[in-house]
Each structure stands twice: as structure tokens, then as C-alpha cells.
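Coordinates as given in model_27.cif (mmCIF, C-alpha atoms (C1' of nucleotides)):
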```cif
data_run
loop_
_atom_site.label_atom_id
_atom_site.label_comp_id
_atom_site.auth_asym_id
_atom_site.auth_seq_id
_atom_site.Cartn_x
_atom_site.Cartn_y
_atom_site.Cartn_z
CA MET A 1 227.92 68.80 95.65
CA LYS A 2 230.14 71.53 97.05
CA LEU A 3 228.59 74.46 98.88
CA ILE A 4 229.81 77.09 96.43
CA GLU A 5 228.36 75.15 93.53
CA ALA A 6 225.09 74.49 95.32
CA LYS A 7 224.71 78.18 96.17
CA GLN A 8 225.23 79.12 92.54
CA GLN A 9 222.72 76.56 91.45
CA PHE A 10 220.14 77.74 93.94
CA ILE A 11 220.53 81.42 93.07
CA SER A 12 220.34 80.75 89.36
CA SER A 13 217.31 78.47 89.66
CA TRP A 14 215.49 80.77 92.03
CA GLY A 15 215.96 83.53 89.47
CA ALA A 16 214.58 81.43 86.64
CA PHE A 17 211.69 80.33 88.80
CA GLY A 18 210.87 83.95 89.58
CA THR A 19 210.60 84.92 85.93
CA HIS A 20 207.77 82.41 85.54
CA TRP A 21 205.88 84.31 88.21
CA GLY A 22 206.25 87.84 86.96
CA ILE A 23 209.24 88.60 89.21
CA ASN A 24 212.35 89.93 87.64
CA ARG A 25 215.32 87.61 87.58
CA THR A 26 217.71 89.88 89.47
CA MET A 27 215.27 90.61 92.25
CA ALA A 28 214.70 86.90 92.77
CA GLN A 29 218.43 86.22 92.75
CA ILE A 30 219.17 88.90 95.32
CA HIS A 31 216.46 87.41 97.46
CA ALA A 32 217.98 83.95 97.08
CA LEU A 33 221.43 85.24 97.99
CA LEU A 34 220.10 86.92 101.11
CA LEU A 35 218.14 83.82 102.10
CA ILE A 36 221.30 81.72 102.24
CA SER A 37 223.54 84.36 103.84
CA PRO A 38 223.91 83.71 107.56
CA ASP A 39 224.79 87.32 108.33
CA PRO A 40 223.67 90.68 106.98
CA ILE A 41 225.48 91.70 103.79
CA THR A 42 226.13 94.95 101.94
CA GLN A 43 225.24 96.25 98.48
CA ASP A 44 228.82 95.61 97.45
CA ASP A 45 228.61 92.01 98.61
CA ILE A 46 225.54 91.56 96.44
CA MET A 47 227.09 93.31 93.43
CA GLU A 48 230.11 91.08 93.69
CA GLY A 49 228.16 87.91 94.44
CA LEU A 50 225.86 88.28 91.45
CA ASN A 51 228.05 90.35 89.12
CA ILE A 52 225.59 93.15 88.69
CA SER A 53 225.84 96.93 88.68
CA ARG A 54 225.36 99.23 91.61
CA GLY A 55 222.22 100.81 90.17
CA ASN A 56 220.59 97.49 89.47
CA THR A 57 221.43 96.21 92.92
CA ASN A 58 220.11 99.32 94.61
CA MET A 59 216.80 99.35 92.74
CA ASN A 60 216.07 95.70 93.35
CA ILE A 61 216.97 95.82 97.04
CA ARG A 62 214.57 98.72 97.41
CA GLU A 63 211.88 96.71 95.66
CA LEU A 64 212.47 93.76 97.97
CA ILE A 65 212.13 96.11 100.93
CA ASN A 66 208.84 97.41 99.47
CA TRP A 67 207.61 93.86 99.27
CA GLY A 68 208.46 93.44 102.95
CA LEU A 69 210.88 90.60 102.26
CA VAL A 70 214.15 92.34 103.14
CA ASP A 71 215.22 94.69 105.91
CA ARG A 72 217.88 97.34 106.13
CA VAL A 73 220.17 96.80 109.11
CA ILE A 74 222.55 99.31 110.68
CA LEU A 75 225.47 97.64 112.37
CA PRO A 76 227.15 99.66 115.14
CA GLY A 77 230.49 101.06 114.09
CA GLU A 78 229.83 100.37 110.39
CA ARG A 79 229.38 103.10 107.84
CA LYS A 80 227.65 100.98 105.22
CA GLU A 81 224.10 99.69 105.30
CA PHE A 82 223.55 95.98 105.59
CA PHE A 83 220.64 93.88 104.39
CA ILE A 84 218.98 90.79 105.68
CA ALA A 85 216.06 88.65 104.47
CA GLU A 86 213.28 87.08 106.48
CA LYS A 87 214.37 83.44 106.69
CA ASP A 88 211.13 81.82 107.80
CA ILE A 89 209.84 80.64 104.46
CA TRP A 90 206.27 80.48 105.64
CA LYS A 91 206.36 84.13 106.67
CA VAL A 92 207.84 84.91 103.27
CA VAL A 93 204.97 83.21 101.51
CA ARG A 94 202.39 84.97 103.65
CA GLN A 95 204.00 88.31 102.96
CA ILE A 96 204.00 87.68 99.20
CA VAL A 97 200.38 86.57 99.29
CA LYS A 98 199.47 89.67 101.26
CA GLU A 99 201.15 92.00 98.79
CA ARG A 100 199.85 90.31 95.67
CA LYS A 101 196.37 90.26 97.07
CA LYS A 102 196.54 93.99 97.69
CA ARG A 103 198.13 94.80 94.36
CA GLU A 104 196.18 92.44 92.13
CA LEU A 105 193.19 90.70 93.60
CA ASP A 106 191.64 93.76 95.24
CA PRO A 107 191.74 95.90 92.06
CA MET A 108 190.45 92.97 90.02
CA LEU A 109 187.44 92.59 92.29
CA LYS A 110 186.73 96.28 92.01
CA LEU A 111 186.76 96.01 88.24
CA LEU A 112 184.50 92.97 88.21
CA ASP A 113 181.95 94.87 90.29
CA GLN A 114 181.76 97.53 87.61
CA LEU A 115 181.61 95.07 84.74
CA GLU A 116 178.92 92.96 86.33
CA ASP A 117 176.13 95.48 85.89
CA VAL A 118 176.49 95.93 82.17
CA GLU A 119 173.43 97.32 80.37
CA GLY A 120 171.39 95.06 78.17
CA ASP A 121 168.83 92.30 77.94
CA LYS A 122 169.84 89.11 79.70
CA ARG A 123 168.02 87.14 77.01
CA ASP A 124 170.67 88.30 74.56
CA LYS A 125 173.16 85.44 74.75
CA ASN A 126 176.07 87.83 74.34
CA VAL A 127 174.99 89.70 77.43
CA LYS A 128 174.24 86.50 79.27
CA THR A 129 177.60 84.90 78.55
CA PHE A 130 179.43 88.05 79.53
CA VAL A 131 177.59 88.50 82.80
CA ASP A 132 177.88 84.81 83.65
CA THR A 133 181.62 84.85 83.03
CA ILE A 134 182.16 87.97 85.12
CA SER A 135 179.96 86.65 87.92
CA GLY A 136 181.77 83.35 87.92
CA ILE A 137 185.14 85.01 88.20
CA LYS A 138 183.88 87.34 90.87
CA ARG A 139 182.49 84.52 92.95
CA LEU A 140 185.81 82.71 92.80
CA GLY A 141 187.67 85.92 93.52
CA LEU A 142 185.60 86.67 96.60
CA GLN A 143 186.17 83.18 97.88
CA ALA A 144 189.91 83.51 97.32
CA ASP A 145 189.85 86.89 99.02
CA LYS A 146 188.28 85.48 102.16
CA THR A 147 190.49 82.44 102.26
CA LEU A 148 193.70 84.38 101.72
CA ASP A 149 192.79 86.90 104.40
CA ILE A 150 192.49 84.15 106.93
CA MET A 151 195.68 82.57 105.68
CA ILE A 152 197.56 85.85 106.04
CA LYS A 153 196.44 86.29 109.60
CA ALA A 154 196.92 82.69 110.56
CA GLU A 155 199.73 81.34 112.65
CA GLU A 156 201.98 79.07 110.70
CA ASN A 157 201.24 75.92 112.60
CA TRP A 158 197.57 76.53 112.78
CA PHE A 159 197.31 76.82 109.04
CA VAL A 160 199.61 74.00 108.10
CA ASN A 161 198.02 71.70 110.60
CA ASN A 162 194.60 72.54 109.30
CA LEU A 163 195.62 71.80 105.76
CA ILE A 164 197.14 68.53 106.77
CA LYS A 165 194.05 67.48 108.65
CA ILE A 166 191.65 68.53 105.97
CA PHE A 167 193.41 67.21 102.94
CA LYS A 168 194.69 63.89 104.15
CA MET B 1 178.20 100.55 80.83
CA LYS B 2 177.53 99.25 77.34
CA LEU B 3 178.37 95.66 76.49
CA ILE B 4 180.94 96.54 73.83
CA GLU B 5 182.73 98.83 76.21
CA ALA B 6 182.60 96.32 79.06
CA LYS B 7 183.99 93.59 76.82
CA GLN B 8 186.90 95.83 75.83
CA GLN B 9 187.58 96.68 79.43
CA PHE B 10 187.53 93.04 80.48
CA ILE B 11 189.84 91.89 77.70
CA SER B 12 192.29 94.67 78.32
CA SER B 13 192.35 94.17 82.08
CA TRP B 14 192.62 90.41 81.81
CA GLY B 15 195.65 90.92 79.60
CA ALA B 16 197.29 93.30 82.07
CA PHE B 17 196.51 90.94 84.90
CA GLY B 18 198.13 88.08 83.01
CA THR B 19 201.41 89.91 82.56
CA HIS B 20 201.75 90.11 86.35
CA TRP B 21 201.62 86.35 86.45
CA GLY B 22 204.12 85.49 83.77
CA ILE B 23 201.48 85.02 81.08
CA ASN B 24 201.85 86.96 77.90
CA ARG B 25 199.37 89.72 77.30
CA THR B 26 198.01 88.43 74.01
CA MET B 27 197.48 84.92 75.28
CA ALA B 28 195.50 86.25 78.22
CA GLN B 29 193.46 88.50 75.94
CA ILE B 30 192.59 85.71 73.56
CA HIS B 31 191.52 83.66 76.52
CA ALA B 32 189.35 86.53 77.78
CA LEU B 33 187.76 86.96 74.38
CA LEU B 34 186.92 83.26 74.19
CA LEU B 35 185.54 83.25 77.72
CA ILE B 36 182.93 85.85 76.84
CA SER B 37 182.06 84.47 73.39
CA PRO B 38 178.85 82.45 73.53
CA ASP B 39 179.70 80.47 70.42
CA PRO B 40 182.90 79.02 68.95
CA ILE B 41 184.89 81.60 66.96
CA THR B 42 187.60 81.45 64.29
CA GLN B 43 191.19 82.69 64.07
CA ASP B 44 189.95 85.53 61.89
CA ASP B 45 187.40 86.55 64.49
CA ILE B 46 190.17 86.73 67.07
CA MET B 47 192.53 88.64 64.77
CA GLU B 48 189.80 91.13 64.08
CA GLY B 49 188.58 91.34 67.65
CA LEU B 50 192.00 92.03 69.11
CA ASN B 51 193.74 93.63 66.13
CA ILE B 52 196.62 91.21 66.03
CA SER B 53 198.42 89.36 63.28
CA ARG B 54 197.68 85.90 62.02
CA GLY B 55 200.95 84.46 63.27
CA ASN B 56 200.55 85.86 66.72
CA THR B 57 196.99 84.60 66.94
CA ASN B 58 197.92 81.15 65.76
CA MET B 59 200.83 80.75 68.17
CA ASN B 60 198.87 81.88 71.19
CA ILE B 61 195.83 79.75 70.41
CA ARG B 62 198.12 76.77 70.18
CA GLU B 63 199.63 77.66 73.53
CA LEU B 64 196.18 77.94 75.10
CA ILE B 65 195.36 74.52 73.72
CA ASN B 66 198.59 73.16 75.24
CA TRP B 67 197.52 74.57 78.58
CA GLY B 68 194.23 72.72 78.21
CA LEU B 69 192.18 75.90 78.38
CA VAL B 70 190.91 76.02 74.80
CA ASP B 71 189.59 73.40 72.40
CA ARG B 72 189.53 73.20 68.64
CA VAL B 73 186.03 72.57 67.32
CA ILE B 74 185.07 71.37 63.86
CA LEU B 75 181.64 72.55 62.83
CA PRO B 76 179.88 70.40 60.22
CA GLY B 77 179.82 72.08 56.82
CA GLU B 78 182.47 74.62 57.81
CA ARG B 79 185.92 74.68 56.29
CA LYS B 80 187.57 76.75 59.01
CA GLU B 81 188.50 75.61 62.51
CA PHE B 82 186.65 77.10 65.44
CA PHE B 83 187.80 77.58 69.00
CA ILE B 84 186.05 77.52 72.32
CA ALA B 85 187.18 78.02 75.92
CA GLU B 86 186.22 76.09 79.02
CA LYS B 87 183.74 78.42 80.69
CA ASP B 88 183.58 76.90 84.16
CA ILE B 89 186.04 79.15 85.95
CA TRP B 90 186.74 76.64 88.66
CA LYS B 91 187.77 74.06 86.08
CA VAL B 92 189.97 76.71 84.49
CA VAL B 93 191.75 77.37 87.76
CA ARG B 94 192.25 73.69 88.44
CA GLN B 95 193.68 73.19 84.98
CA ILE B 96 196.11 76.09 85.44
CA VAL B 97 197.15 74.81 88.84
CA LYS B 98 197.69 71.36 87.38
CA GLU B 99 199.89 72.64 84.59
CA ARG B 100 201.94 75.03 86.71
CA LYS B 101 202.49 72.35 89.27
CA LYS B 102 203.82 70.02 86.61
CA ARG B 103 205.94 72.65 84.91
CA GLU B 104 207.28 74.46 87.95
CA LEU B 105 206.73 72.86 91.32
CA ASP B 106 207.77 69.35 90.37
CA PRO B 107 211.11 70.44 88.84
CA MET B 108 211.75 72.75 91.79
CA LEU B 109 211.28 69.88 94.24
CA LYS B 110 213.66 67.75 92.23
CA LEU B 111 216.28 70.48 92.42
CA LEU B 112 215.82 70.98 96.15
CA ASP B 113 216.44 67.28 96.72
CA GLN B 114 219.81 67.60 95.06
CA LEU B 115 220.76 70.77 96.86
CA GLU B 116 219.77 69.45 100.25
CA ASP B 117 222.64 67.02 100.56
CA VAL B 118 225.41 69.49 100.01
CA GLU B 119 228.84 68.43 101.31
CA GLY B 120 230.27 70.08 104.40
CA ASP B 121 230.20 70.42 108.13
CA LYS B 122 226.84 71.45 109.56
CA ARG B 123 228.69 73.39 112.25
CA ASP B 124 229.85 75.79 109.55
CA LYS B 125 227.15 78.42 109.67
CA ASN B 126 227.28 78.92 105.91
CA VAL B 127 226.46 75.28 105.41
CA LYS B 128 223.85 75.34 108.12
CA THR B 129 222.03 78.38 106.77
CA PHE B 130 222.04 76.95 103.27
CA VAL B 131 220.73 73.57 104.28
CA ASP B 132 218.12 75.09 106.58
CA THR B 133 216.88 77.38 103.82
CA ILE B 134 216.66 74.57 101.30
CA SER B 135 214.95 72.26 103.76
CA GLY B 136 212.45 74.91 104.69
CA ILE B 137 211.53 75.56 101.10
CA LYS B 138 211.33 71.85 100.42
CA ARG B 139 209.04 71.25 103.35
CA LEU B 140 206.70 73.97 102.15
CA GLY B 141 206.93 72.71 98.59
CA LEU B 142 205.99 69.17 99.59
CA GLN B 143 203.04 70.45 101.55
CA ALA B 144 201.90 72.52 98.58
CA ASP B 145 202.38 69.51 96.32
CA LYS B 146 200.10 67.36 98.42
CA THR B 147 197.47 70.03 98.86
CA LEU B 148 197.37 70.96 95.20
CA ASP B 149 197.09 67.33 94.13
CA ILE B 150 193.99 66.91 96.20
CA MET B 151 192.64 70.20 94.95
CA ILE B 152 193.18 69.19 91.34
CA LYS B 153 191.31 65.95 91.82
CA ALA B 154 188.55 67.43 93.91
CA GLU B 155 185.05 68.10 92.71
CA GLU B 156 184.23 71.76 92.59
CA ASN B 157 181.56 71.77 95.20
CA TRP B 158 183.38 69.51 97.51
CA PHE B 159 186.35 71.81 97.56
CA VAL B 160 184.55 75.10 97.72
CA ASN B 161 182.24 73.85 100.42
CA ASN B 162 185.16 72.62 102.41
CA LEU B 163 186.91 75.93 102.19
CA ILE B 164 183.79 77.78 103.23
CA LYS B 165 183.29 75.54 106.21
CA ILE B 166 186.87 75.62 107.32
CA PHE B 167 187.64 79.25 106.88
CA LYS B 168 184.48 80.88 108.07
"C1'" DA C 1 233.38 123.93 106.26
"C1'" DT C 2 235.53 120.49 103.70
"C1'" DT C 3 236.59 116.04 102.51
"C1'" DT C 4 235.36 111.30 102.05
"C1'" DA C 5 232.21 107.45 102.00
"C1'" DT C 6 227.96 105.80 100.62
"C1'" DT C 7 223.45 105.78 98.38
"C1'" DT C 8 220.22 107.13 94.85
"C1'" DT C 9 218.73 108.51 90.40
"C1'" DC C 10 218.09 108.19 85.63
"C1'" DA C 11 219.31 108.83 80.62
"C1'" DG C 12 221.16 105.85 77.52
"C1'" DT C 13 222.16 101.08 76.20
"C1'" DA C 14 221.50 96.23 76.13
"C1'" DA C 15 218.88 92.12 76.45
"C1'" DT C 16 214.72 89.85 76.12
"C1'" DT C 17 210.21 89.05 74.67
"C1'" DT C 18 206.56 89.68 71.57
"C1'" DT C 19 204.66 90.55 67.12
"C1'" DT C 20 204.45 90.76 62.24
"C1'" DG C 21 203.81 89.16 57.67
"C1'" DA C 22 205.01 86.59 53.95
"C1'" DA C 23 206.34 82.02 52.43
"C1'" DA C 24 205.74 77.18 53.08
"C1'" DC C 25 202.80 73.80 54.08
"C1'" DT C 26 198.35 71.26 54.45
"C1'" DT C 27 193.68 70.10 53.37
"C1'" DC C 28 189.85 69.61 50.77
"C1'" DA C 29 186.65 70.16 46.81
"C1'" DA C 30 185.93 69.99 42.09
"C1'" DT D 1 195.68 66.87 39.92
"C1'" DT D 2 194.93 71.37 40.39
"C1'" DG D 3 193.91 75.33 42.90
"C1'" DA D 4 191.58 77.77 46.42
"C1'" DA D 5 191.04 78.08 51.38
"C1'" DG D 6 193.07 77.62 55.53
"C1'" DT D 7 196.99 76.81 58.82
"C1'" DT D 8 201.68 76.93 60.43
"C1'" DT D 9 206.34 78.48 60.65
"C1'" DC D 10 209.95 81.57 61.46
"C1'" DA D 11 213.35 85.37 60.32
"C1'" DA D 12 213.24 90.05 60.94
"C1'" DA D 13 211.24 94.18 63.25
"C1'" DA D 14 209.06 96.32 67.06
"C1'" DA D 15 208.04 96.79 71.72
"C1'" DT D 16 209.01 96.08 76.25
"C1'" DT D 17 211.77 95.34 80.14
"C1'" DA D 18 216.10 95.26 82.56
"C1'" DC D 19 220.78 96.99 83.35
"C1'" DT D 20 224.70 100.05 83.45
"C1'" DG D 21 227.54 103.61 85.01
"C1'" DA D 22 228.41 108.07 85.96
"C1'" DA D 23 226.64 112.18 88.08
"C1'" DA D 24 223.90 114.06 91.79
"C1'" DA D 25 222.47 113.74 96.33
"C1'" DT D 26 223.05 112.51 101.02
"C1'" DA D 27 225.39 111.43 105.25
"C1'" DA D 28 229.27 111.04 108.22
"C1'" DA D 29 233.93 112.13 109.73
"C1'" DT D 30 237.63 115.38 110.29
#
```

This entry written out as C-alpha cells:
Amino acid sequence: MKLIEAKQQFISSWGAFGTHWGINRTMAQIHALLLISPDPITQDDIMEGLNISRGNTNMNIRELINWGLVDRVILPGERKEFFIAEKDIWKVVRQIVKERKKRELDPMLKLLDQLEDVEGDKRDKNVKTFVDTISGIKRLGLQADKTLDIMIKAEENWFVNNLIKIFK
Amino acid sequence: MKLIEAKQQFISSWGAFGTHWGINRTMAQIHALLLISPDPITQDDIMEGLNISRGNTNMNIRELINWGLVDRVILPGERKEFFIAEKDIWKVVRQIVKERKKRELDPMLKLLDQLEDVEGDKRDKNVKTFVDTISGIKRLGLQADKTLDIMIKAEENWFVNNLIKIFK
DNA sequence: ATTTATTTTCAGTAATTTTTGAAACTTCAA
DNA sequence: TTGAAGTTTCAAAAATTACTGAAAATAAAT
């Protein structure tokens, strides 16, 4: 397979993959393009590379920066801004985990706390089933919270090596 | 908080949570409703409980069954079908992991294999960056594949206990 | 200060996804 | 068999989400 073709394929697939995970297609594609670009590139490069509008490009780059996956770069002597993605895929995963944890898991745990102490007699099976379900989810959530925290802080090799050892 | 209110809150939040993970709101809400229902319930119960149409209900129940999260139940003497959800939240997670792995990770790994042997000179930095990116993702993907397989097969306690021990 | 290059915003439009509801289909009891 | 109860399908409508492009804002050069 030729490089041009392979790049296209990767960008397109990465975009489709993203949509299955609640990430918008364009954002995932910009990320893919940056991942395989050896040097920093401009908004115009991205617009041209993916055939998308300036506004769309700008909004999604900003979002990628918010997620901590892309950095703005100022090159000396250049007027335009350039962009570059973190290439170490393990760091990328940790960053995504960190953000999703903050945005989703933490609020969910807060909610579960409130729901857990619902009024009512535990002998009522409606109450019992509700409380048991919430407690079960909360227990799992707390475990995930702890585990992910350690994962986020961990050094790449430490974590991977641990997994390999444990799960072999 | 009253039970009715708490149930509403849970269903609504579970739905919102789902949309962040590429799961449609209604499907997540039906799942939530089934999780907190002590006894099997019918399509009509769900329609009424969530204020949604028959078609929508039917399609999303079917999808939940495809995901292995909900079962059809025939009650003796009843004409209608009833539905029930797996309540053990750890089993639920394992089932979701299993399905997403099959639907998403496996195809992604297949793609990466193809992309990895792109034509061209490795001294060309475009080729090098591309191949390095793909290889990096593949390495991570293979590791995830292995780990998740073991997790899927694992007994609940075995796994949770392991995690607790390892990550404390 | 003025011009020029670049970035950002956002109202309107387009594309996609979800939902509805009625018709078609199936199942079962009499 | 017939028909009543229940389930499934799917074309059209509604809702949501994403994208465009031009105008406004910002920044840099002259």
C-alpha cells in the first residue's frame, strides 16, 4: 500500500472509530492527521488535508487543545500558528483517561452518593432493588476511580510491565 | 429524596452518561429502568415509564438483547413477553467490554496490520512517522487485547481482588 | 495610524441520528 | 379459520449534532 493511500485510510478509520466513542468524526480525523505529521502543521494544512472549513477546523483544534492532546507551536519567523500532537500513544491514552475521569466518572460518583440514601423501607423490594443497583454501580465506580488514578500517575513502563506480569 | 424522584434522576443521568460513550440515550434509559425493576416488565411498561413510542422501545430492547444485557422472559399464563436485565454490574461491564472488543478493537487491529507494511523508504520521515505511529497504536492495542481477554474470562472476585492488591 | 495577515465567532444550513406511528406480520385461543 | 393480542418493520418527521462561510476581532508589519 502506498503512503498516501495508507494515510487516507488511517485518517478515515480513526474518524469512524472515534464516533463509536462519543468523539466527533472531524476531531478524531484532525488528531489522526497530526499524529502522522512529522512536523508541526497549520490550520490551512489541516483544512486542505481533510477538506473542511476554517471554522470547523478552528473549533476542533481548540477542543483537542482542551483535551490536552494537541499543542500550539510558534515557529520563529513564521506569522501563522502551527500545531503538533503528542506522539507517545501511551501518554495520549493516559491524558484521555484523565479527562474522561474528570468529566464523567467524578460527576457520576457524586450523583450516586445522592441517590444511595433514598428514603423508604428497605423491605420494599422496589427500594431494595434500587439501592442495591446504585450501591453496586458505586462500588465499581470507586474501584475504577482508584485504579485509574494510579494508572494516570504511573510511568508507562511500570504500568505496562505490571499488567504483563499480572495477566500472563 | 423520594424513590420516584431518585428513579427519574437515575434514568435520566444514565441516559446522558450513555450519550458520552456512543450509546443512544433511549437504549441507556431502558437499561437503567430494567436495572432498577425488581421484576420482569413488558414493552408497555417501558413505553409508559419512559414516555416513548412502541417502535422505539422495540428497537432498543432488541439492541440491548443483542448486546447480551437484557433477556426475554416468558411468564407462564402470560401472553405478553417480559424483559429483565442482568443485575450484577460486574457481569454487565464484562459483557460490554466483550462486545466492544469484538466490534471495535478486533477490526482496528486488523486494519493496523495492513497499514503497518506501507511501501516506502524508512529514511523518509513521512514514512517513518507514519509507521511509528501505527506500530505504537498496534502495540498498545495488542496489550489491551490480551488484558481484556483475561478480564472477560476472569471471575469477579478474582479480578477485583487482584486489582485491589496490585493498585493499593 | 493604516494596512495586511491570521484567528475566532456564530447565525444559518446541512447532515446525521433518533423517534414516531401506522401497517404488516406473527402467535395463540376459541 | 377467524380474530384478538402482541410484535416487528420502516418511511417519514423530529430532534440533535456538525459544518460552513463570512463578518468581527485580534495581532503583526509597515

Quiz item: What residues have an atom no more than 12 Å from (191.9, 67.8, 54.1) in the file's own frame, counting only C-alpha atoms (C1' of nucleotides), and can you write them as a VMD selection string?
Solution: (chain B and resid 79 to 81) or (chain C and resid 26 to 29) or (chain D and resid 5 to 7)

Residues picked by the PyMOL selection byres ((chain A) within 12 of (chain C)) here, as a PDB file with C-alpha atoms, in the coordinates of the input?
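The result, stored in part.pdb:
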```pdb
ATOM      1  CA  THR A  19     210.600  84.920  85.930  1.00  0.00           C
ATOM      2  CA  ASN A  24     212.350  89.930  87.640  1.00  0.00           C
ATOM      3  CA  ARG A  25     215.320  87.610  87.580  1.00  0.00           C
ATOM      4  CA  THR A  42     226.130  94.950 101.940  1.00  0.00           C
ATOM      5  CA  GLN A  43     225.240  96.250  98.480  1.00  0.00           C
ATOM      6  CA  ASP A  44     228.820  95.610  97.450  1.00  0.00           C
ATOM      7  CA  ARG A  54     225.360  99.230  91.610  1.00  0.00           C
ATOM      8  CA  GLY A  55     222.220 100.810  90.170  1.00  0.00           C
ATOM      9  CA  ASN A  56     220.590  97.490  89.470  1.00  0.00           C
ATOM     10  CA  THR A  57     221.430  96.210  92.920  1.00  0.00           C
ATOM     11  CA  ASN A  58     220.110  99.320  94.610  1.00  0.00           C
ATOM     12  CA  MET A  59     216.800  99.350  92.740  1.00  0.00           C
ATOM     13  CA  ILE A  61     216.970  95.820  97.040  1.00  0.00           C
ATOM     14  CA  ARG A  62     214.570  98.720  97.410  1.00  0.00           C
ATOM     15  CA  GLU A  78     229.830 100.370 110.390  1.00  0.00           C
ATOM     16  CA  ARG A  79     229.380 103.100 107.840  1.00  0.00           C
ATOM     17  CA  LYS A  80     227.650 100.980 105.220  1.00  0.00           C
ATOM     18  CA  GLU A  81     224.100  99.690 105.300  1.00  0.00           C
ATOM     19  CA  PHE A  82     223.550  95.980 105.590  1.00  0.00           C
TER      20      PHE A  82
END
```

Practice problem: Evaluate the PyMOL selection byres ((chain D) within 12 of (chain A)) on the structure here and hand back the selected residues as number ranges by chain. | Solution: D: 17-22, 27-29

Each residue of chain A lying at most 7 Å from chain B should get a row with its shortest atom-to-atom pair and the distance in Å to one decimal, counting all atoms listed in the file; could you produce that, ordered by chain and increasing number, as CSV?
```
residue,atom,partner,partner_atom,distance
A:Met1,CA,B:Val118,CA,5.1
A:Lys2,CA,B:Glu119,CA,5.4
A:Leu3,CA,B:Val118,CA,6.0
A:Ala6,CA,B:Leu115,CA,5.9
A:Thr19,CA,B:Gly22,CA,6.9
A:His20,CA,B:Gly22,CA,5.1
A:Trp21,CA,B:Gly22,CA,4.9
A:Gly22,CA,B:Gly22,CA,4.5
A:Leu35,CA,B:Thr133,CA,6.8
A:Ile36,CA,B:Phe130,CA,4.9
A:Ser37,CA,B:Thr129,CA,6.8
A:Pro38,CA,B:Thr129,CA,5.7
A:Ile89,CA,B:Gly136,CA,6.3
A:Leu115,CA,B:Ala6,CA,5.9
A:Val118,CA,B:Met1,CA,5.1
A:Glu119,CA,B:Lys2,CA,5.5
A:Lys125,CA,B:Pro38,CA,6.5
A:Asn126,CA,B:Pro38,CA,6.1
A:Val127,CA,B:Leu3,CA,6.9
A:Thr129,CA,B:Ile36,CA,5.7
A:Phe130,CA,B:Ile36,CA,4.9
A:Thr133,CA,B:Ile36,CA,6.4
A:Gly136,CA,B:Ile89,CA,6.3
A:Ile137,CA,B:Ile89,CA,6.3
A:Thr147,CA,B:Phe167,CA,6.3
A:Ile150,CA,B:Phe167,CA,6.9
A:Phe167,CA,B:Thr147,CA,6.4
```

Output of the above residues as an mmCIF file, in the frame of the given file, restricted to C-alpha atoms:
```cif
data_model
loop_
_atom_site.group_PDB
_atom_site.id
_atom_site.type_symbol
_atom_site.label_atom_id
_atom_site.label_comp_id
_atom_site.auth_asym_id
_atom_site.auth_seq_id
_atom_site.Cartn_x
_atom_site.Cartn_y
_atom_site.Cartn_z
ATOM 1 C CA MET A 1 227.920 68.800 95.650
ATOM 2 C CA LYS A 2 230.140 71.530 97.050
ATOM 3 C CA LEU A 3 228.590 74.460 98.880
ATOM 4 C CA ALA A 6 225.090 74.490 95.320
ATOM 5 C CA THR A 19 210.600 84.920 85.930
ATOM 6 C CA HIS A 20 207.770 82.410 85.540
ATOM 7 C CA TRP A 21 205.880 84.310 88.210
ATOM 8 C CA GLY A 22 206.250 87.840 86.960
ATOM 9 C CA LEU A 35 218.140 83.820 102.100
ATOM 10 C CA ILE A 36 221.300 81.720 102.240
ATOM 11 C CA SER A 37 223.540 84.360 103.840
ATOM 12 C CA PRO A 38 223.910 83.710 107.560
ATOM 13 C CA ILE A 89 209.840 80.640 104.460
ATOM 14 C CA LEU A 115 181.610 95.070 84.740
ATOM 15 C CA VAL A 118 176.490 95.930 82.170
ATOM 16 C CA GLU A 119 173.430 97.320 80.370
ATOM 17 C CA LYS A 125 173.160 85.440 74.750
ATOM 18 C CA ASN A 126 176.070 87.830 74.340
ATOM 19 C CA VAL A 127 174.990 89.700 77.430
ATOM 20 C CA THR A 129 177.600 84.900 78.550
ATOM 21 C CA PHE A 130 179.430 88.050 79.530
ATOM 22 C CA THR A 133 181.620 84.850 83.030
ATOM 23 C CA GLY A 136 181.770 83.350 87.920
ATOM 24 C CA ILE A 137 185.140 85.010 88.200
ATOM 25 C CA THR A 147 190.490 82.440 102.260
ATOM 26 C CA ILE A 150 192.490 84.150 106.930
ATOM 27 C CA PHE A 167 193.410 67.210 102.940
#
```

Quiz prompt | Atom-to-atom span, atom CA of Pro40 of chain B and atom CA of Gly68 of chain B, Å | solution = 15.9 Å

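Straight-line separation from atom CA of Arg123 of chain B to atom CA of Ala85 of chain A: 21.3 Å.
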
Quiz item: Could you work out how far atom CA of His31 of chain A lies from atom CA of Leu142 of chain B, giving the answer in Å with one decimal?
Solution: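 Atom-to-atom, atom CA of Leu142 of chain B to atom CA of His31 of chain A, that is 21.1 Å.
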
Quiz prompt | Counting all atoms listed in the file, the option among B:Phe83, B:Glu48, B:Arg94, B:Met27 closest to Leu64 of chain B | solution =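 Looking at the shortest contact to Leu64 of chain B, the residue is B:Met27.
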
Around all the atoms of segment 135-147 of chain A listed in the file, with 6 Å of room on each side, what axis-aligned box do you get, giving centre and edge lengths in Å to one decimal, as lines of an AutoDock Vina configuration file?
```
center_x = 185.2
center_y = 84.9
center_z = 95.1
size_x = 22.5
size_y = 16.9
size_z = 26.3
```
